[in-house]
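What follows is a short report on a single structure.
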Amino acid sequence: MTGLINYVSCGALWLGLAVKTPDLIRHRHDPYLRAICAVLGLAGVCFLLGAAPTVGAVNRLSGVPNLAAPLTYASITAYSAASQVLIVHWRGGPRVRRVVRRWVVAYAVVLVGIAVMFALGSAPVERRTDLDTYYATTPFIAEMIVLYLLGHLTAVTVTTVSSLCWAREVSGRLRAGLVLLGTGSLCNAGYSVTKLVAVVARWCGRDWSRLGTTVSPAAAGLGALLTSVGILVPLAGPRLTQWRRSRRAYARLEPLERELDGVLTRHALRLPRPRWASPTTRLMWRQTSIHNALGYLDATFDHALYERVHAAALDAGGDKEQAEAAAWAAVIRA
């Protein structure tokens, strides 16, 4: 069970990344999409590197005790920067690039600080799960720990406040996504707060390391799930709406396709049915089959019957589309 929360959280985040990757490939120059994918990808890296088995593997392969710690802290810092960039792009405005640059520079300084503090400090005893509290009083290592925690807490606090405030001004799926994102960021704040409380307790001579080894991972795992869902809900909404409309249209066209089945079968006009296809693809398949049948009938149908029914429908008060539909129905039945 060691590291299970981390690996499950990583999987959930990277699943969200996989959903957005096709959009990123099509619109690779969209800074908003790049920020979303960076948040999901880096958050997954944080959980992957923070898992105890991964920590042990990194330390063993590198030959440097606790090297996994600054790598994990660096990934958390990079995630914090990406989340701020995402918030800036969400807000928009004339100074987006300038604000993004400021956040990136600020967290780049934090990254440099983490590297310098680890290089100056001494952490010879490997600690896979409680390094924060074990080295909370060690010169330079303690500063490194506090630096990354404050950087992370700043990012998730800004994200929480921005998301929940904006959620009050919008509605629908966007509001639901923002509420989930804000709640997830609040859970992530719980990660930093509990870690900081455990560190401060260590400074005061108390051992509250269980806060950092049990409560913090649980808060971070829940936050990861809510954050990934919150990011994807507004983005997946239009696609789900399109799929729902495609399903309805697909079902409405079934009687017409069934009526044309004889023509489609006799003249091999029906394309192979797609398997494991989206509702939109299945709708296109049915529409193509119907168009093929109607195209064949267009060259062979009874034009006189079509004109009579069409004229009768118009005389009865129907519009042009209704008249054409009635005329085609009569021809198909004939």
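Labels used: A, B, ... for chains in the order of the structure tokens, numbers from 1 for residues in each chain, and numbers from 1 for ligands as shown.
The shell of residues at most 9 Å from Val116 in chain A, with only C-alpha atoms counted and near chain neighbours (fewer than 5 positions) removed, consists of Leu111, Gly121, Phe140 and Met144 of chain A.
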If we count only C-alpha atoms and set the cut-off at 7 Å, which residues sit around Ala51 in chain A, ignoring sequence neighbours fewer than 3 positions away in its own chain? Please answer as an mmCIF file with C-alpha atoms, in the first residue's frame.
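Saved as out10.cif:
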```cif
data_model
loop_
_atom_site.group_PDB
_atom_site.id
_atom_site.type_symbol
_atom_site.label_atom_id
_atom_site.label_comp_id
_atom_site.auth_asym_id
_atom_site.auth_seq_id
_atom_site.Cartn_x
_atom_site.Cartn_y
_atom_site.Cartn_z
ATOM 1 C CA GLY A 3 2.778 5.043 -2.227
ATOM 2 C CA ASN A 6 0.570 8.911 -4.873
ATOM 3 C CA PHE A 47 2.953 12.539 -6.905
ATOM 4 C CA LEU A 48 5.175 10.127 -8.810
ATOM 5 C CA THR A 54 10.099 6.172 -6.220
ATOM 6 C CA VAL A 55 12.051 8.083 -3.583
#
```
Item to complete: Assign secondary structure with DSSP using the backbone only, and return the residues of range 198-285 of chain A in helix (DSSP H, G or I) as JSON, numbers by chain.
Response: {"A": [198, 199, 200, 201, 202, 203, 209, 210, 211, 212, 213, 214, 215, 216, 217, 218, 219, 220, 221, 222, 223, 224, 225, 226, 227, 228, 229, 230, 231, 232, 233, 234, 235, 236, 237, 238, 239, 240, 241, 242, 243, 244, 245, 246, 247, 248, 249, 250, 251, 252, 254, 255, 256, 257, 258, 259, 261, 262, 263, 264, 265, 266, 279, 280, 281, 282, 283, 284, 285]}
Only C-alpha atoms, please: the residues just picked out, written as an mmCIF file, in the first residue's frame.
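Saved result, part.cif, follows:
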```
data_model
loop_
_atom_site.group_PDB
_atom_site.id
_atom_site.type_symbol
_atom_site.label_atom_id
_atom_site.label_comp_id
_atom_site.auth_asym_id
_atom_site.auth_seq_id
_atom_site.Cartn_x
_atom_site.Cartn_y
_atom_site.Cartn_z
ATOM 1 C CA ALA A 198 4.596 19.461 11.599
ATOM 2 C CA VAL A 199 7.803 21.382 10.862
ATOM 3 C CA VAL A 200 6.990 24.121 13.379
ATOM 4 C CA ALA A 201 6.135 21.465 15.960
ATOM 5 C CA ARG A 202 9.561 19.947 15.375
ATOM 6 C CA TRP A 203 11.129 23.338 16.004
ATOM 7 C CA SER A 209 5.529 13.841 11.903
ATOM 8 C CA ARG A 210 2.354 11.794 11.371
ATOM 9 C CA LEU A 211 0.697 14.949 10.086
ATOM 10 C CA GLY A 212 3.167 14.980 7.225
ATOM 11 C CA THR A 213 3.064 11.252 6.555
ATOM 12 C CA THR A 214 -0.690 10.583 6.773
ATOM 13 C CA VAL A 215 -2.819 13.742 6.602
ATOM 14 C CA SER A 216 -0.749 15.585 3.989
ATOM 15 C CA PRO A 217 -0.732 12.786 1.370
ATOM 16 C CA ALA A 218 -4.472 12.239 1.808
ATOM 17 C CA ALA A 219 -5.193 15.953 1.366
ATOM 18 C CA ALA A 220 -2.948 16.112 -1.683
ATOM 19 C CA GLY A 221 -4.551 13.021 -3.232
ATOM 20 C CA LEU A 222 -8.070 14.384 -2.814
ATOM 21 C CA GLY A 223 -6.907 17.740 -4.120
ATOM 22 C CA ALA A 224 -5.409 16.111 -7.211
ATOM 23 C CA LEU A 225 -8.654 14.326 -8.021
ATOM 24 C CA LEU A 226 -10.805 17.433 -7.576
ATOM 25 C CA THR A 227 -8.358 19.633 -9.472
ATOM 26 C CA SER A 228 -8.148 17.349 -12.494
ATOM 27 C CA VAL A 229 -11.933 16.990 -12.658
ATOM 28 C CA GLY A 230 -12.380 20.733 -12.175
ATOM 29 C CA ILE A 231 -10.076 21.520 -15.080
ATOM 30 C CA LEU A 232 -11.717 18.989 -17.383
ATOM 31 C CA VAL A 233 -15.405 19.680 -16.642
ATOM 32 C CA PRO A 234 -15.643 23.015 -18.536
ATOM 33 C CA LEU A 235 -13.506 21.661 -21.364
ATOM 34 C CA ALA A 236 -15.345 18.367 -21.736
ATOM 35 C CA GLY A 237 -18.780 20.006 -21.550
ATOM 36 C CA PRO A 238 -19.043 21.084 -25.216
ATOM 37 C CA ARG A 239 -17.836 17.686 -26.387
ATOM 38 C CA LEU A 240 -20.374 15.874 -24.212
ATOM 39 C CA THR A 241 -23.113 18.147 -25.539
ATOM 40 C CA GLN A 242 -22.084 17.354 -29.103
ATOM 41 C CA TRP A 243 -22.090 13.626 -28.356
ATOM 42 C CA ARG A 244 -25.568 13.860 -26.833
ATOM 43 C CA ARG A 245 -26.899 15.656 -29.906
ATOM 44 C CA SER A 246 -25.222 13.108 -32.168
ATOM 45 C CA ARG A 247 -26.857 10.237 -30.270
ATOM 46 C CA ARG A 248 -30.267 11.838 -30.661
ATOM 47 C CA ALA A 249 -29.770 12.480 -34.376
ATOM 48 C CA TYR A 250 -28.454 8.935 -34.823
ATOM 49 C CA ALA A 251 -31.589 7.527 -33.196
ATOM 50 C CA ARG A 252 -33.917 9.773 -35.219
ATOM 51 C CA GLU A 254 -32.769 4.922 -37.694
ATOM 52 C CA PRO A 255 -36.291 4.588 -39.213
ATOM 53 C CA LEU A 256 -35.115 6.188 -42.459
ATOM 54 C CA GLU A 257 -32.099 3.911 -42.688
ATOM 55 C CA ARG A 258 -34.309 0.916 -41.979
ATOM 56 C CA GLU A 259 -36.646 1.998 -44.785
ATOM 57 C CA ASP A 261 -32.172 -1.051 -46.016
ATOM 58 C CA GLY A 262 -33.271 -2.884 -49.149
ATOM 59 C CA VAL A 263 -31.533 -0.412 -51.445
ATOM 60 C CA LEU A 264 -28.434 -0.300 -49.260
ATOM 61 C CA THR A 265 -28.143 -4.078 -49.110
ATOM 62 C CA ARG A 266 -28.933 -4.909 -52.748
ATOM 63 C CA PRO A 279 -21.427 9.037 -31.304
ATOM 64 C CA THR A 280 -20.376 11.669 -33.836
ATOM 65 C CA THR A 281 -18.587 9.077 -35.973
ATOM 66 C CA ARG A 282 -21.561 6.710 -35.840
ATOM 67 C CA LEU A 283 -23.854 9.551 -36.882
ATOM 68 C CA MET A 284 -21.611 10.323 -39.861
ATOM 69 C CA TRP A 285 -21.689 6.637 -40.821
#
```
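Across the model, the gap from CA of Leu294 in chain A to CA of Asp315 in chain A is 24.8 Å.
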Fill in: Between CA of Cys165 in chain A and CA of Ala38 in chain A, distance in Å (one decimal)
23.3 Å
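If only C-alpha atoms are the atoms counted, then among A:Ser83, A:Phe118, A:Leu49, A:Arg95 the closest residue to Gly182 in chain A is A:Ser83.
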Discussion item. Here is a test: counting only C-alpha atoms, which residue of A:Tyr135, A:Tyr191, A:Trp103, A:Trp90 is nearest to Tyr32 in chain A?
Written reply: A:Trp90
Fill in: Distance query range 98-100 of chain A at most 12 Å, only C-alpha atoms, self and fewer than 3 positions along chain excluded, as a PyMOL selection string
chain A and resi 31-32+35+81-95+103-107
Could you write those residues out with C-alpha atoms, as a PDB file, in the first residue's frame?
```pdb
ATOM      1  CA  PRO A  31      -0.945  29.209 -24.234  1.00  0.00           C
ATOM      2  CA  TYR A  32      -4.103  28.320 -22.323  1.00  0.00           C
ATOM      3  CA  ALA A  35      -0.831  25.809 -19.207  1.00  0.00           C
ATOM      4  CA  ALA A  81       4.241  28.198 -11.262  1.00  0.00           C
ATOM      5  CA  ALA A  82       2.143  26.435 -13.914  1.00  0.00           C
ATOM      6  CA  SER A  83      -1.010  26.815 -11.834  1.00  0.00           C
ATOM      7  CA  GLN A  84      -0.395  30.552 -11.536  1.00  0.00           C
ATOM      8  CA  VAL A  85       0.142  30.818 -15.284  1.00  0.00           C
ATOM      9  CA  LEU A  86      -3.147  28.985 -15.822  1.00  0.00           C
ATOM     10  CA  ILE A  87      -4.991  31.380 -13.514  1.00  0.00           C
ATOM     11  CA  VAL A  88      -3.490  34.381 -15.317  1.00  0.00           C
ATOM     12  CA  HIS A  89      -4.627  33.054 -18.695  1.00  0.00           C
ATOM     13  CA  TRP A  90      -8.071  32.356 -17.283  1.00  0.00           C
ATOM     14  CA  ARG A  91      -8.383  35.913 -16.053  1.00  0.00           C
ATOM     15  CA  GLY A  92      -7.085  37.370 -19.300  1.00  0.00           C
ATOM     16  CA  GLY A  93      -6.507  41.077 -19.713  1.00  0.00           C
ATOM     17  CA  PRO A  94      -3.963  43.295 -21.431  1.00  0.00           C
ATOM     18  CA  ARG A  95      -1.037  42.388 -19.149  1.00  0.00           C
ATOM     19  CA  TRP A 103       5.262  34.424 -11.798  1.00  0.00           C
ATOM     20  CA  VAL A 104       7.736  32.372 -13.812  1.00  0.00           C
ATOM     21  CA  VAL A 105      10.681  34.461 -12.618  1.00  0.00           C
ATOM     22  CA  ALA A 106       9.503  34.289  -9.001  1.00  0.00           C
ATOM     23  CA  TYR A 107       9.237  30.518  -9.000  1.00  0.00           C
TER      24      TYR A 107
END
```
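Compared by their closest atoms to Val193 in chain A, and using only C-alpha atoms, the residues A:Leu297, A:Val331, A:Leu153, A:Ala268 rank with A:Leu153 nearest.
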